[in-house]
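Comments concern the structure below.
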Amino acid sequence: MDNHYYPIFIDLRDRLAVVVGGGMVASRKIEPLLKAGARVKVVATEVVDKIAQSDGIEIIRRDYEPQDLDGAFLVIAATDDDKTNLAVSRDADSRRIFCNVVDQPRLCSFIVPSIVEKGPIKIAISTGGVSPALSKKMRLEIDKLLGDEFAVLALIMGRIRPIVLSGEGGHDSHKRIFEVLIDSELLDAIREHNRELAERILLEALGQHIDLGEVFP
């Protein structure tokens, strides 16, 4: 069986995300939406304390109605009522709104992957909805392999990126600099907490000193 989903990272900052349902499952779905900067609206007759006490959430305490999707960029249905979940899926489809119905891939236009996150690094894992348990297992294994040094390296690369791009040469030249640094001993220097070596590697590659005091462990 092929995984037919197209992997994508979406910018949700200041976009409306509607969550239908107010239980613990809905609460778990809300957290990453808020972290991504979405405007979250919850529609449910009852909500758990964690949702009720969260800042920045609009709560509508009643049964779901189609107009709840007005202006929404995406919707997540997290109820235990099959009729409601089906209605949300159909309404979202007719309005061309991204929709996820928890644990019901056939009603979804997108599914939520397992996520490994280290600093600015995010790795999304999906089995195409076939086995969430396997996705979780893979997330735990990858999390053990991906040390904090990769997060530090990402921060360093982000810091020097404008310096490299403003330097002489075109795209190919800039690309080579990044590739040289990635393949250098910079990652080992971070693992060994050797700031002096890391700064020397950057000096040789960029021709200028980069103070890593703010990002180096």
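In the structure tokens, chains take letters A, B, ... by order of appearance, with residues numbered from 1 within each chain and ligands from 1 in the order shown.
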
Using DSSP on the backbone coordinates, identify the residues of chain A assigned to helix (DSSP H, G or I); present them as a PyMOL selection string. chain A and resi 24-35+49-52+66-69+82-94+105-107+132-145+148-165+171-182+186-191+195-206

Which residues of region 72-164 of chain A sit at most 6 Å from region 13-23 of chain A, using only C-alpha atoms? Give each one's shortest atom pair and distance in Å (one decimal place), in chain and ascending residue order, as CSV.
residue,atom,partner,partner_atom,distance
A:Ala72,CA,A:Leu16,CA,4.8
A:Phe73,CA,A:Leu16,CA,5.5
A:Leu74,CA,A:Ala17,CA,5.1
A:Val75,CA,A:Val18,CA,4.6
A:Ile76,CA,A:Val19,CA,4.8
A:Ala77,CA,A:Val20,CA,4.8
A:Ala78,CA,A:Gly21,CA,5.0
A:Thr79,CA,A:Gly21,CA,4.8

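Restricting the calculation to only C-alpha atoms, the smallest distance between Asp70 (chain A) and any of A:Val47, A:Leu86, A:Val25, A:Ser94 is found for A:Ser94.
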
Selection: 12 Å around Ile111 (chain A), only C-alpha atoms, excl. self and same-chain fewer than 2 positions, as a PyMOL selection string: chain A and resi 3-8+29+74-77+98-109+113-114+124-130+132

Output file for the residues above (N, CA and C atoms, as a short mmCIF file (atom, residue, chain, number, x, y, z; two decimals), in the first residue's frame):
data_model
loop_
_atom_site.label_atom_id
_atom_site.label_comp_id
_atom_site.auth_asym_id
_atom_site.auth_seq_id
_atom_site.Cartn_x
_atom_site.Cartn_y
_atom_site.Cartn_z
N ASN A 3 1.63 5.34 0.44
CA ASN A 3 1.19 6.50 1.21
C ASN A 3 0.94 7.63 0.22
N HIS A 4 -0.31 7.95 -0.02
CA HIS A 4 -0.64 8.90 -1.08
C HIS A 4 -0.66 10.35 -0.60
N TYR A 5 -0.39 10.58 0.70
CA TYR A 5 -0.46 11.95 1.22
C TYR A 5 0.74 12.77 0.77
N TYR A 6 0.48 14.04 0.48
CA TYR A 6 1.54 14.98 0.09
C TYR A 6 2.04 15.70 1.34
N PRO A 7 3.31 15.54 1.71
CA PRO A 7 3.81 16.17 2.94
C PRO A 7 3.97 17.67 2.74
N ILE A 8 3.52 18.43 3.75
CA ILE A 8 3.57 19.89 3.63
C ILE A 8 3.60 20.49 5.03
N LYS A 29 -5.13 18.38 20.43
CA LYS A 29 -5.04 18.92 19.08
C LYS A 29 -4.88 20.44 19.09
N LEU A 74 -8.67 25.77 8.46
CA LEU A 74 -8.76 24.32 8.66
C LEU A 74 -9.64 24.02 9.84
N VAL A 75 -10.13 22.78 9.90
CA VAL A 75 -10.99 22.35 10.99
C VAL A 75 -10.57 20.96 11.44
N ILE A 76 -10.67 20.74 12.74
CA ILE A 76 -10.42 19.42 13.32
C ILE A 76 -11.67 18.99 14.08
N ALA A 77 -12.20 17.84 13.71
CA ALA A 77 -13.34 17.28 14.43
C ALA A 77 -12.83 16.25 15.42
N PHE A 98 -9.47 22.61 4.70
CA PHE A 98 -8.74 21.44 5.18
C PHE A 98 -9.44 20.87 6.42
N CYS A 99 -9.61 19.54 6.44
CA CYS A 99 -10.34 18.92 7.54
C CYS A 99 -9.64 17.66 8.02
N ASN A 100 -9.57 17.54 9.35
CA ASN A 100 -9.08 16.32 9.98
C ASN A 100 -10.12 15.83 10.96
N VAL A 101 -10.54 14.58 10.82
CA VAL A 101 -11.43 13.94 11.77
C VAL A 101 -10.60 12.89 12.50
N VAL A 102 -10.45 13.06 13.78
CA VAL A 102 -9.54 12.23 14.57
C VAL A 102 -9.87 10.75 14.42
N ASP A 103 -8.85 9.98 14.04
CA ASP A 103 -8.93 8.52 13.93
C ASP A 103 -9.90 8.04 12.84
N GLN A 104 -10.23 8.91 11.90
CA GLN A 104 -11.10 8.51 10.79
C GLN A 104 -10.52 9.04 9.47
N PRO A 105 -9.45 8.42 8.97
CA PRO A 105 -8.77 8.93 7.77
C PRO A 105 -9.69 9.11 6.56
N ARG A 106 -10.72 8.27 6.45
CA ARG A 106 -11.61 8.36 5.28
C ARG A 106 -12.38 9.67 5.25
N LEU A 107 -12.52 10.34 6.41
CA LEU A 107 -13.23 11.61 6.48
C LEU A 107 -12.28 12.82 6.45
N CYS A 108 -11.00 12.54 6.28
CA CYS A 108 -9.99 13.61 6.36
C CYS A 108 -9.52 14.06 4.99
N SER A 109 -9.23 15.35 4.88
CA SER A 109 -8.49 15.85 3.72
C SER A 109 -7.02 16.06 4.09
N PRO A 113 0.66 14.23 11.33
CA PRO A 113 1.74 13.27 11.53
C PRO A 113 2.26 13.27 12.96
N SER A 114 3.03 12.24 13.28
CA SER A 114 3.81 12.27 14.51
C SER A 114 4.99 13.23 14.29
N ALA A 124 8.41 15.27 10.46
CA ALA A 124 7.04 14.73 10.44
C ALA A 124 7.07 13.29 9.95
N ILE A 125 6.33 12.42 10.64
CA ILE A 125 6.32 10.99 10.33
C ILE A 125 4.89 10.55 10.07
N SER A 126 4.69 9.84 8.98
CA SER A 126 3.35 9.37 8.65
C SER A 126 3.40 7.97 8.06
N THR A 127 2.44 7.14 8.45
CA THR A 127 2.27 5.84 7.83
C THR A 127 1.03 5.86 6.93
N GLY A 128 0.57 7.07 6.60
CA GLY A 128 -0.60 7.19 5.76
C GLY A 128 -1.89 6.82 6.46
N GLY A 129 -1.87 6.88 7.79
CA GLY A 129 -3.05 6.53 8.57
C GLY A 129 -3.21 5.04 8.82
N VAL A 130 -2.26 4.24 8.32
CA VAL A 130 -2.36 2.78 8.46
C VAL A 130 -2.08 2.34 9.90
N PRO A 132 -1.01 4.39 13.41
CA PRO A 132 -0.54 5.43 14.32
C PRO A 132 0.45 4.92 15.36
#

Can you write out as JSON lines which residues of region 103-163 of chain A fall within 9 Å of region 204-214 of chain A, alongside each residue's closest atom pair and its distance in Å to one decimal, counting only C-alpha atoms and ordering rows by chain and ascending residue number?
{"residue": "A:Ile156", "atom": "CA", "partner": "A:Leu212", "partner_atom": "CA", "distance": 7.7}
{"residue": "A:Ile160", "atom": "CA", "partner": "A:Ile210", "partner_atom": "CA", "distance": 8.2}
{"residue": "A:Ile163", "atom": "CA", "partner": "A:Leu206", "partner_atom": "CA", "distance": 8.2}

Generate the output file for the selected residues, N, CA and C atoms, as a CSV table (one decimal), in the first residue's frame.
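Final output, again-v1.csv:
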chain,number,residue,atom,x,y,z
A,156,ILE,N,22.8,27.9,14.4
A,156,ILE,CA,24.0,28.5,13.9
A,156,ILE,C,23.9,28.8,12.4
A,160,ILE,N,24.1,32.4,10.4
A,160,ILE,CA,25.0,32.8,9.4
A,160,ILE,C,24.4,32.9,8.0
A,163,ILE,N,24.5,36.3,6.4
A,163,ILE,CA,25.9,36.7,6.1
A,163,ILE,C,26.3,36.0,4.8

Mind checking which residues fall within 8 Å of Phe150 (chain A), counting only C-alpha atoms, ignoring those fewer than 4 positions away in the same chain, and posting them as a PyMOL selection string? chain A and resi 118+121+146+154+187

Residues from last step as file, C-alpha atoms, as a PDB file, in the first residue's frame:
ATOM      1  CA  LYS A 118      14.345  19.832  18.408  1.00  0.00           C
ATOM      2  CA  ILE A 121      13.974  21.268  13.505  1.00  0.00           C
ATOM      3  CA  LEU A 146      18.476  13.220  16.975  1.00  0.00           C
ATOM      4  CA  ALA A 154      20.337  24.645  12.924  1.00  0.00           C
ATOM      5  CA  LEU A 187      28.694  19.214  14.388  1.00  0.00           C
TER       6      LEU A 187
END

So that I can check the surroundings of Arg191 (chain A), please list as a list in words every protein, DNA and RNA residue that reaches within 10 Å of it, counting only C-alpha atoms and ignoring chain neighbours fewer than 4 positions away. Gly147, Asp148, Glu149, Phe150, Val152, Leu153, Glu185, Leu186, Leu187, Arg195 and Pro217 of chain A

Would you put the residues from that selection into a file with C-alpha atoms, as a short mmCIF file (atom, residue, chain, number, x, y, z; two decimals), in the first residue's frame?
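Everything below was put into selection08.cif:
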data_model
loop_
_atom_site.label_atom_id
_atom_site.label_comp_id
_atom_site.auth_asym_id
_atom_site.auth_seq_id
_atom_site.Cartn_x
_atom_site.Cartn_y
_atom_site.Cartn_z
CA GLY A 147 20.63 14.86 19.63
CA ASP A 148 20.37 18.44 20.82
CA GLU A 149 23.49 19.25 18.82
CA PHE A 150 21.39 19.26 15.65
CA VAL A 152 22.25 24.07 17.92
CA LEU A 153 23.63 23.49 14.42
CA GLU A 185 33.70 19.10 11.97
CA LEU A 186 31.23 21.76 13.14
CA LEU A 187 28.69 19.21 14.39
CA ARG A 195 33.14 26.64 21.06
CA PRO A 217 25.69 25.24 24.85
#

For the strand (DSSP E or B) assignment from backbone DSSP, which residues of region 15-141 of chain A qualify? Please present them as a count of residues only. 32

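Ranking A:Pro162, A:Pro32, A:Gly169, A:Gly71 by their shortest atom-to-atom distance to Glu117 (chain A), with only C-alpha atoms included, puts A:Pro32 first.
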
What lies within 12 Å of Leu140 (chain A) using only C-alpha atoms, ignoring chain neighbours under 2 positions off, as a ChimeraX atom specification? /A:114-117,123,125,133-138,142-146

Filtering to C-alpha atoms, could you give me those residues as a PDB file, in the first residue's frame?
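Wrote result-v9.pdb, looks like this:
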ATOM      1  CA  SER A 114       3.813  12.271  14.511  1.00  0.00           C
ATOM      2  CA  ILE A 115       6.342  15.022  15.160  1.00  0.00           C
ATOM      3  CA  VAL A 116       9.944  14.995  16.361  1.00  0.00           C
ATOM      4  CA  GLU A 117      10.942  18.520  17.369  1.00  0.00           C
ATOM      5  CA  ILE A 123      10.499  15.925  11.451  1.00  0.00           C
ATOM      6  CA  ILE A 125       6.321  10.990  10.329  1.00  0.00           C
ATOM      7  CA  ALA A 133       1.210   3.088  16.766  1.00  0.00           C
ATOM      8  CA  LEU A 134       4.065   2.595  14.298  1.00  0.00           C
ATOM      9  CA  SER A 135       4.302   6.356  13.759  1.00  0.00           C
ATOM     10  CA  LYS A 136       4.645   6.804  17.515  1.00  0.00           C
ATOM     11  CA  LYS A 137       7.324   4.108  17.724  1.00  0.00           C
ATOM     12  CA  MET A 138       9.297   5.742  14.907  1.00  0.00           C
ATOM     13  CA  ILE A 142      14.177   9.138  15.855  1.00  0.00           C
ATOM     14  CA  ASP A 143      13.987  11.387  18.910  1.00  0.00           C
ATOM     15  CA  LYS A 144      16.668   9.246  20.571  1.00  0.00           C
ATOM     16  CA  LEU A 145      18.904   9.481  17.490  1.00  0.00           C
ATOM     17  CA  LEU A 146      18.476  13.220  16.975  1.00  0.00           C
TER      18      LEU A 146
END
